[in-house]
Amino acid sequence: MSKMLEVKNLKVAVDDVEILKGIDLEIGRGEVHVLMGPNGAGKSTLARTIMADPQFEEVEGNIYFEGENINEFSTDERAKLGIFLTFQNPLEVAGISVEDFLRTTKMELTGEDISVLKFKRELQGHMQDLDLDQVYAERYLNVGFSGGEKKKGEILQMSVLNPDLVMLDEPDSGLDVDAVRIVSETVADFLSDKNKSCLIITHHSVILESVKPDFAHILIDGKIVKRGGPELIERVNDEGYNWIREELGMEKVHDEVLD
Amino acid sequence: MANLRSNLTSDHNIKQLDTDHKVRQLNTDRNVKRLDTERILAEKAAEREALKESRRKERAEKLKERTYVEELDRGVYDIKNPNTYEIMLEKGLNEEIVREISSIKNEPDWMLEKRLAALKIYREMKNPNWGPDLSELNMDEIATYIRPKAQMESNWQEVPDEIRRTFELLGIPEAELDYLSGVGAQYDSEVVYHNVKDYLALQGVIYTDFDSAVVEYPEIIQEYFGTCLKPNLHRYSALHYAVWSGGSYVYVPEGVHVDIPLQSYFRMNAPGAGQFEHTLIIVEKGGSLHFIEGCSAPRYNTINLHAGGVELFVKEGAKLRYSTIENWSRNMYNLNSKRAIVEKDGVIEWISGSFGSRVSMLYPASILIGEGARSEFTGITFAGAGQTLDTGAQVVHKAPHTYSTVETKSISKGGGKAIYRSLVQVDEGAYGCKSNTDCQSLMLDAQSRGDTIPTIILKNDDVDFGHEAKIGRIDDQAIFYLMSRGLSEEEAKAMIVRGFAEPVAKELPLEYAVEMNELINLELKGAIG
């Protein structure tokens with residue numbers, strides 16, 4: 001039985017500068033993985049490359065989804081396979097409301113017609129879970145949204161589009177305490193379906209308390225340098241990354257900001 | 001000091017007008033008094049539905065057939081009919097041809113004299129020394145007058161099959177039934193259909209083809225014709241006055257509100273020809289009107305020319321909205337001239353969508369002569385491969401406390417050029433004026449060009465003036481974002497472009513907004529890959 005996602009020896013460059021230097025990662029169905037590491041280590045690059053962001057050049061390596069090599073798959077094809085990425089800074093698209101956008105994309109992903117009314121009800125349910133106001137659905141996608149509204153919007157999209165593999169790129173950064181709690185609960189609820197898998201990038205422990213990752217991967221300088229379970233997360237949260245650097249004989253970094 | 005704000009950021013703070021909502025509201029709410037009985041209407045409605053359905057299917061089929069070969073196949077817009085005409089004057093331009101047009105039309109002498117005077121001006125003037133290259137346009141190769149084998153009718157069934165069919169596929173008779181209060185349809189040089197709802201005629205509203213107006217309303221035509229848009233404005237307005245044919249005349253009496261739009265549609269079928277329709281609209285004190293103009297033509301390998309003339313007179317406290325959706329084929333030189341004179345507290349609103357043509361030079365002008373007069377211009381231009389669309393707006397503030405806004409969106413792709421060119425002038429005595437311009441260009445690839453060339457002349461210090469311009473390329477990260485939600489690259493781009501165009505689309509009646517989106521989607525096909 002193949003893993004849901006397999007990344008093998010992935011090397012990625014931007015303008016000839018290598019950012020990811022041979023990543024191996026396996027995510028099985030129902031598993032939750034957390035990707036941790038200092039700023040600039042390449043965490044977002046990995047998630048975005050799995051989503052085929054054209055700004056990153058795949059130099060070497062392979063990506064498999066459900067056993068199929070998807071190296072040549074475009075972003076939308078990967079989305080249709082069930083891969084989803086929340087953006088740290090979602091882009092503003094004027095002229096289309098959140099509701100119309102999500103209904104259009106949902107129909108695109110499922111290939112089915114969805115009635116306006118049925119969709120409206122479903123969307124409103126998800127919006128209530130995220131404590132979003134009713135008018136949110138009528139606003140243009142991300143246009144004039146606050147930081148919190150954008151972040152919640154990404155989670156709303158995840159809930160509505162119902163992907164199999166969700167990659168959450170700092171879904172909790174910049175949120176107030178209440179919002180972190182709401183987002184954490186929504187994600188945890190989504191992942192209670194054991195057919196879903198998750199790769200979460202975060203600097204904070206709060207969301208991890210709800211989401212409860214099974215595995216942790218520490219990414220430093222473009223390489224996964226350490227893997228482990230919940231105990232590893234705890235240690236990183238307490239001590240940062242220097243003890244890992246020390247283990248590996250790397251130079252320590254002082255005053256590291258962990259957000 | 002003039003309050004001069006000018007920056008290159010995107011935030012457009014122009015007050016969004018809620019007038020379109022009002023118009024829409026009126027369209028739906030108003031219980032239009034019809035002279036026909038309910039029963040006949042119901043019977044006809046069933047018939048119409050069946051007909052509409054079959055048309056819709058046919059239209060959808062045609063739209064589906066579009067492919068991108070060397071140039072876009074423009075589907076329904078590209079339908080060509082055999083070129084059979086009652087009269088087609090020889091190509092070229094001389095006094096004899098001008099006299100012949102006048103004599104075919106049985107015109108009064110004063111009109112012939114105006115034509116000949118304009119011809120003289122045309123000969124003395126040169127092409128503008130700025131803007132797109134017009135050297136390819138050779139008047140010796142253009143037939144200025146082509147009369148289709150048809151009379152003007154007020155019943156579509158009387159219009160010859162082939163011509164009627166063209167308009168049916170363009171959706172005109174349907175639109176008339178559904179959301180217009182009057183329609184004029186011009187085919188090459190002559191108007192083949194004209195009709196206005198009886199209830200408007202009863203209120204004194206006149207909507208007729210311009211040729212008939214010359215005969216039926218000679219005093220008023222003589223008084224207004226050529227006074228707003230003058231023959232000596234530029235070479236092609238002179239040409240227009242020498243060979244004009246067809247067009248529309250609208251008269252809205254004092255205090256009358258025409259709450260459902262009137263539409264004139266101009267279709268060119270003949271290759272190597274020119275269309276020179278004249279549109280003259282007078283909205284008397286306190287009246288209001290929404291006039292829609294549509295244009296299209298099939299594609300040929302020869303150059304065609306469109307040099308229409310539009311003269312709008314907006315009297316005290318009157319309001320006129322003039323909307324245009326232009327989809328000329330890529331062999332067309334569109335050198336149209338439009339001008340409005342706006343009196344005290346009057347309002348002119350221009351809505352302009354330019355999609356077609358090889359070369360366009362189009363800068364509708366508002367001359368604000370009365371205190372408190374307003375001009376609001378909203379325009380979108382989409383230039384694809386091989387197109388140079390030089391469009392914009394002009395406003396001249398001649399009176400105090402006049403107000404103008406210009407909001408434009410230009411899109412270019414496949415090497416097309418979309419140039420925004422404008423003039424805003426505030427005269428010496430026109431104190432306390434306010435003017436705001438916001439023009440944005442979106443380039444879909446590296447080959448395309450978007451430029452903004454604004455001219456600003458402020459002759460007094462008491463002006464609140466704002467100008468914002470933004471030129472940008474489509475954001476790859478925005479496309480990636482939308483694609484990550486399952487949309488194809490084409491759909492993602494179309495969504496972004498539609499969003500960019502939305503401020504214009506929402507100014508249009510719903511059906512035209514749909515049409516505009518369809519045109520955008522059509523233009524984007526072939527933009528990808």
# chains A, B, ... in the order shown; residues from 1 in each chain; ligands from 1
>>> residues_around(residues="region 358-367 of chain B", least_positions_apart="4", cutoff="6 Å", atoms="only C-alpha atoms", output="list of chain:residue names")
B:Arg330, B:Asn331, B:Met332, B:Tyr333, B:Asn334, B:Leu335, B:Asn336, B:Lys338, B:Arg339, B:Ala340, B:Ile341, B:Gln387, B:Thr388, B:Leu389, B:Asp390, B:Thr391, B:Gly392, B:Ala393, B:Gln394, B:Val395, B:Val396
>>> write_last_selection(atoms="N, CA and C atoms", output="compact mmCIF listing (two decimals), in the first residue's frame")
# COMPACT_ATOMS: atom_id res chain seq x y z
N ARG B 330 -11.16 42.67 -36.77
CA ARG B 330 -9.78 43.13 -36.70
C ARG B 330 -9.26 43.77 -37.99
N ASN B 331 -10.18 44.04 -38.93
CA ASN B 331 -9.74 44.74 -40.13
C ASN B 331 -10.33 46.16 -40.15
N MET B 332 -10.83 46.58 -38.99
CA MET B 332 -11.56 47.85 -38.92
C MET B 332 -10.70 48.97 -38.34
N TYR B 333 -10.76 50.12 -39.00
CA TYR B 333 -10.23 51.33 -38.39
C TYR B 333 -11.41 52.05 -37.76
N ASN B 334 -11.42 52.13 -36.45
CA ASN B 334 -12.54 52.75 -35.76
C ASN B 334 -12.14 54.16 -35.33
N LEU B 335 -12.54 55.14 -36.12
CA LEU B 335 -12.15 56.53 -35.86
C LEU B 335 -13.42 57.32 -35.57
N ASN B 336 -14.05 56.94 -34.50
CA ASN B 336 -15.35 57.48 -34.16
C ASN B 336 -15.20 58.76 -33.33
N LYS B 338 -17.20 61.31 -30.59
CA LYS B 338 -18.38 61.45 -29.74
C LYS B 338 -18.20 62.66 -28.85
N ARG B 339 -19.24 63.42 -28.73
CA ARG B 339 -19.12 64.64 -27.96
C ARG B 339 -20.46 64.96 -27.29
N ALA B 340 -20.38 65.46 -26.08
CA ALA B 340 -21.60 65.85 -25.38
C ALA B 340 -21.44 67.27 -24.85
N ILE B 341 -22.51 68.06 -24.98
CA ILE B 341 -22.53 69.38 -24.36
C ILE B 341 -23.50 69.30 -23.19
N GLN B 387 -3.73 44.48 -32.51
CA GLN B 387 -4.63 45.60 -32.28
C GLN B 387 -3.92 46.77 -31.60
N THR B 388 -4.25 47.96 -32.04
CA THR B 388 -3.81 49.15 -31.34
C THR B 388 -5.06 49.94 -30.96
N LEU B 389 -5.37 49.92 -29.69
CA LEU B 389 -6.58 50.60 -29.24
C LEU B 389 -6.17 51.82 -28.42
N ASP B 390 -6.30 52.96 -29.05
CA ASP B 390 -5.91 54.22 -28.44
C ASP B 390 -7.21 54.89 -28.00
N THR B 391 -7.53 54.75 -26.74
CA THR B 391 -8.84 55.19 -26.28
C THR B 391 -8.71 56.00 -25.00
N GLY B 392 -9.74 56.69 -24.67
CA GLY B 392 -9.72 57.48 -23.45
C GLY B 392 -10.91 58.40 -23.38
N ALA B 393 -10.71 59.56 -22.79
CA ALA B 393 -11.83 60.47 -22.61
C ALA B 393 -11.32 61.91 -22.57
N GLN B 394 -12.22 62.83 -22.85
CA GLN B 394 -11.88 64.24 -22.74
C GLN B 394 -12.97 64.95 -21.94
N VAL B 395 -12.54 65.82 -21.08
CA VAL B 395 -13.51 66.64 -20.35
C VAL B 395 -13.03 68.08 -20.37
N VAL B 396 -13.91 68.98 -20.73
CA VAL B 396 -13.58 70.40 -20.65
C VAL B 396 -14.54 71.05 -19.67
>>> select_by_dssp(residues="region 165-234 of chain A", states="strand (DSSP E)", output="list in words")
Leu165, Val166, Met167, Leu168, Asp169, Ser197, Cys198, Leu199, Ile200, Ile201, Phe215, Ala216, His217, Ile218, Leu219, Ile220, Lys223, Ile224, Val225, Lys226, Arg227 and Gly228 of chain A
>>> write_last_selection(atoms="N, CA and C atoms", output="CSV table (one decimal), in the first residue's frame")
chain,number,residue,atom,x,y,z
A,165,LEU,N,-5.4,15.8,1.2
A,165,LEU,CA,-4.1,16.2,1.8
A,165,LEU,C,-4.1,17.7,2.0
A,166,VAL,N,-4.1,18.1,3.2
A,166,VAL,CA,-4.1,19.6,3.4
A,166,VAL,C,-2.7,20.0,3.9
A,167,MET,N,-2.2,21.0,3.3
A,167,MET,CA,-0.9,21.6,3.7
A,167,MET,C,-1.2,22.9,4.3
A,168,LEU,N,-1.0,23.1,5.6
A,168,LEU,CA,-1.3,24.3,6.2
A,168,LEU,C,-0.1,25.1,6.5
A,169,ASP,N,0.1,26.2,5.8
A,169,ASP,CA,1.3,27.0,5.9
A,169,ASP,C,1.1,28.1,6.9
A,197,SER,N,-5.2,13.5,5.5
A,197,SER,CA,-3.8,13.7,5.9
A,197,SER,C,-3.4,15.1,6.0
A,198,CYS,N,-2.4,15.5,6.8
A,198,CYS,CA,-2.1,16.9,6.9
A,198,CYS,C,-0.6,17.1,7.1
A,199,LEU,N,-0.1,18.1,6.4
A,199,LEU,CA,1.3,18.6,6.7
A,199,LEU,C,1.1,20.1,7.2
A,200,ILE,N,1.5,20.3,8.4
A,200,ILE,CA,1.3,21.6,9.0
A,200,ILE,C,2.6,22.3,9.3
A,201,ILE,N,2.7,23.6,8.9
A,201,ILE,CA,3.9,24.3,9.2
A,201,ILE,C,3.5,25.4,10.2
A,215,PHE,N,3.8,12.9,13.6
A,215,PHE,CA,5.3,13.0,13.3
A,215,PHE,C,5.7,14.4,13.2
A,216,ALA,N,7.0,14.6,13.5
A,216,ALA,CA,7.6,15.9,13.4
A,216,ALA,C,8.8,15.8,12.5
A,217,HIS,N,9.0,16.9,11.7
A,217,HIS,CA,10.2,16.9,10.8
A,217,HIS,C,10.9,18.3,11.0
A,218,ILE,N,12.2,18.3,11.3
A,218,ILE,CA,12.9,19.5,11.5
A,218,ILE,C,13.7,19.9,10.3
A,219,LEU,N,13.3,21.0,9.7
A,219,LEU,CA,14.0,21.4,8.4
A,219,LEU,C,14.9,22.6,8.8
A,220,ILE,N,16.2,22.4,8.5
A,220,ILE,CA,17.2,23.4,8.7
A,220,ILE,C,18.0,23.5,7.4
A,223,LYS,N,17.4,21.1,4.5
A,223,LYS,CA,17.4,19.6,4.7
A,223,LYS,C,16.6,19.2,5.9
A,224,ILE,N,16.0,18.1,5.8
A,224,ILE,CA,15.3,17.6,7.0
A,224,ILE,C,16.4,16.9,7.9
A,225,VAL,N,16.7,17.5,9.0
A,225,VAL,CA,17.8,17.1,9.8
A,225,VAL,C,17.4,16.2,11.0
A,226,LYS,N,16.2,16.2,11.3
A,226,LYS,CA,15.7,15.4,12.4
A,226,LYS,C,14.3,15.0,12.3
A,227,ARG,N,13.9,13.8,12.7
A,227,ARG,CA,12.5,13.4,12.6
A,227,ARG,C,12.2,12.8,14.0
A,228,GLY,N,10.9,12.8,14.3
A,228,GLY,CA,10.5,12.2,15.6
A,228,GLY,C,9.0,12.3,15.8
>>> interface_residues(of="chain A", to="chain B", cutoff="10 Å", atoms="only C-alpha atoms", output="CSV table (one decimal) with C-alpha atoms, in the first residue's frame")
chain,number,residue,atom,x,y,z
A,48,ARG,CA,4.5,25.3,-2.4
A,51,MET,CA,1.5,22.4,-5.1
A,52,ALA,CA,3.6,23.2,-8.2
A,53,ASP,CA,4.3,26.9,-7.6
A,54,PRO,CA,5.9,28.1,-10.9
A,55,GLN,CA,8.3,30.3,-9.0
A,74,SER,CA,0.1,21.4,-13.1
A,75,THR,CA,-1.2,23.1,-10.0
A,76,ASP,CA,-4.9,22.6,-10.9
A,77,GLU,CA,-4.3,19.0,-11.7
A,78,ARG,CA,-2.8,18.5,-8.3
A,79,ALA,CA,-5.7,20.3,-6.7
A,80,LYS,CA,-8.0,17.9,-8.5
A,81,LEU,CA,-6.1,14.9,-7.0
A,82,GLY,CA,-7.1,16.2,-3.6
A,83,ILE,CA,-4.0,18.3,-2.6
A,84,PHE,CA,-4.7,21.6,-0.9
A,85,LEU,CA,-2.5,24.4,0.4
A,86,THR,CA,-3.4,27.3,2.6
A,87,PHE,CA,-1.5,30.4,1.8
A,89,ASN,CA,-0.8,35.7,2.4
A,90,PRO,CA,-3.8,34.8,0.2
A,91,LEU,CA,-4.1,37.0,-2.8
A,92,GLU,CA,-7.0,39.5,-3.4
A,93,VAL,CA,-9.2,38.8,-6.4
A,94,ALA,CA,-11.8,41.5,-7.1
A,95,GLY,CA,-15.0,40.9,-8.8
A,96,ILE,CA,-15.8,37.5,-7.4
A,101,PHE,CA,-15.6,31.5,-6.0
A,102,LEU,CA,-16.0,28.6,-3.7
A,104,THR,CA,-17.2,27.6,-8.9
A,105,THR,CA,-14.1,25.8,-7.6
A,106,LYS,CA,-16.1,23.1,-5.8
A,107,MET,CA,-17.9,22.3,-9.1
A,108,GLU,CA,-14.6,22.3,-10.9
A,109,LEU,CA,-13.1,19.9,-8.4
A,110,THR,CA,-16.1,17.6,-8.2
A,140,TYR,CA,-14.9,39.8,-2.9
A,157,GLN,CA,-11.9,27.0,1.7
A,158,MET,CA,-10.3,23.8,3.1
A,161,LEU,CA,-13.4,22.0,-0.9
A,163,PRO,CA,-9.3,17.8,0.1
>>> residues_around(residues="Arg181 (chain A)", least_positions_apart="2", cutoff="12 Å", atoms="only C-alpha atoms", output="PyMOL selection string")
chain A and resi 129-131+152+171-172+175-179+183-188+204-211
>>> write_last_selection(atoms="C-alpha atoms", output="PDB file, in the first residue's frame")
ATOM      1  CA  ASP A 129     -17.867  27.112  12.702  1.00  0.00           C
ATOM      2  CA  LEU A 130     -15.242  29.747  11.984  1.00  0.00           C
ATOM      3  CA  ASP A 131     -17.260  32.560  13.553  1.00  0.00           C
ATOM      4  CA  LYS A 152      -9.963  32.014   8.416  1.00  0.00           C
ATOM      5  CA  PRO A 171      -2.465  28.919   9.519  1.00  0.00           C
ATOM      6  CA  ASP A 172      -2.138  30.484  12.967  1.00  0.00           C
ATOM      7  CA  LEU A 175      -4.149  35.536  14.808  1.00  0.00           C
ATOM      8  CA  ASP A 176      -5.463  36.574  18.209  1.00  0.00           C
ATOM      9  CA  VAL A 177      -6.030  33.987  20.905  1.00  0.00           C
ATOM     10  CA  ASP A 178      -9.695  33.411  20.103  1.00  0.00           C
ATOM     11  CA  ALA A 179      -9.054  33.059  16.408  1.00  0.00           C
ATOM     12  CA  VAL A 183      -8.967  27.741  13.605  1.00  0.00           C
ATOM     13  CA  SER A 184      -7.346  24.964  15.658  1.00  0.00           C
ATOM     14  CA  GLU A 185     -10.680  23.393  16.498  1.00  0.00           C
ATOM     15  CA  THR A 186     -11.880  23.578  12.886  1.00  0.00           C
ATOM     16  CA  VAL A 187      -8.712  21.951  11.599  1.00  0.00           C
ATOM     17  CA  ALA A 188      -8.782  19.277  14.308  1.00  0.00           C
ATOM     18  CA  HIS A 204       3.279  27.767  17.698  1.00  0.00           C
ATOM     19  CA  SER A 205       2.325  25.009  20.065  1.00  0.00           C
ATOM     20  CA  VAL A 206      -1.281  26.071  20.593  1.00  0.00           C
ATOM     21  CA  ILE A 207      -2.586  24.726  17.302  1.00  0.00           C
ATOM     22  CA  LEU A 208      -0.522  21.551  17.705  1.00  0.00           C
ATOM     23  CA  GLU A 209      -2.264  20.810  20.989  1.00  0.00           C
ATOM     24  CA  SER A 210      -5.516  20.483  19.053  1.00  0.00           C
ATOM     25  CA  VAL A 211      -4.200  18.991  15.842  1.00  0.00           C
TER      26      VAL A 211
END
>>> atom_distance(atom1="CA of Ala118 (chain B)", atom2="CA of Gly353 (chain B)")
29.2 Å
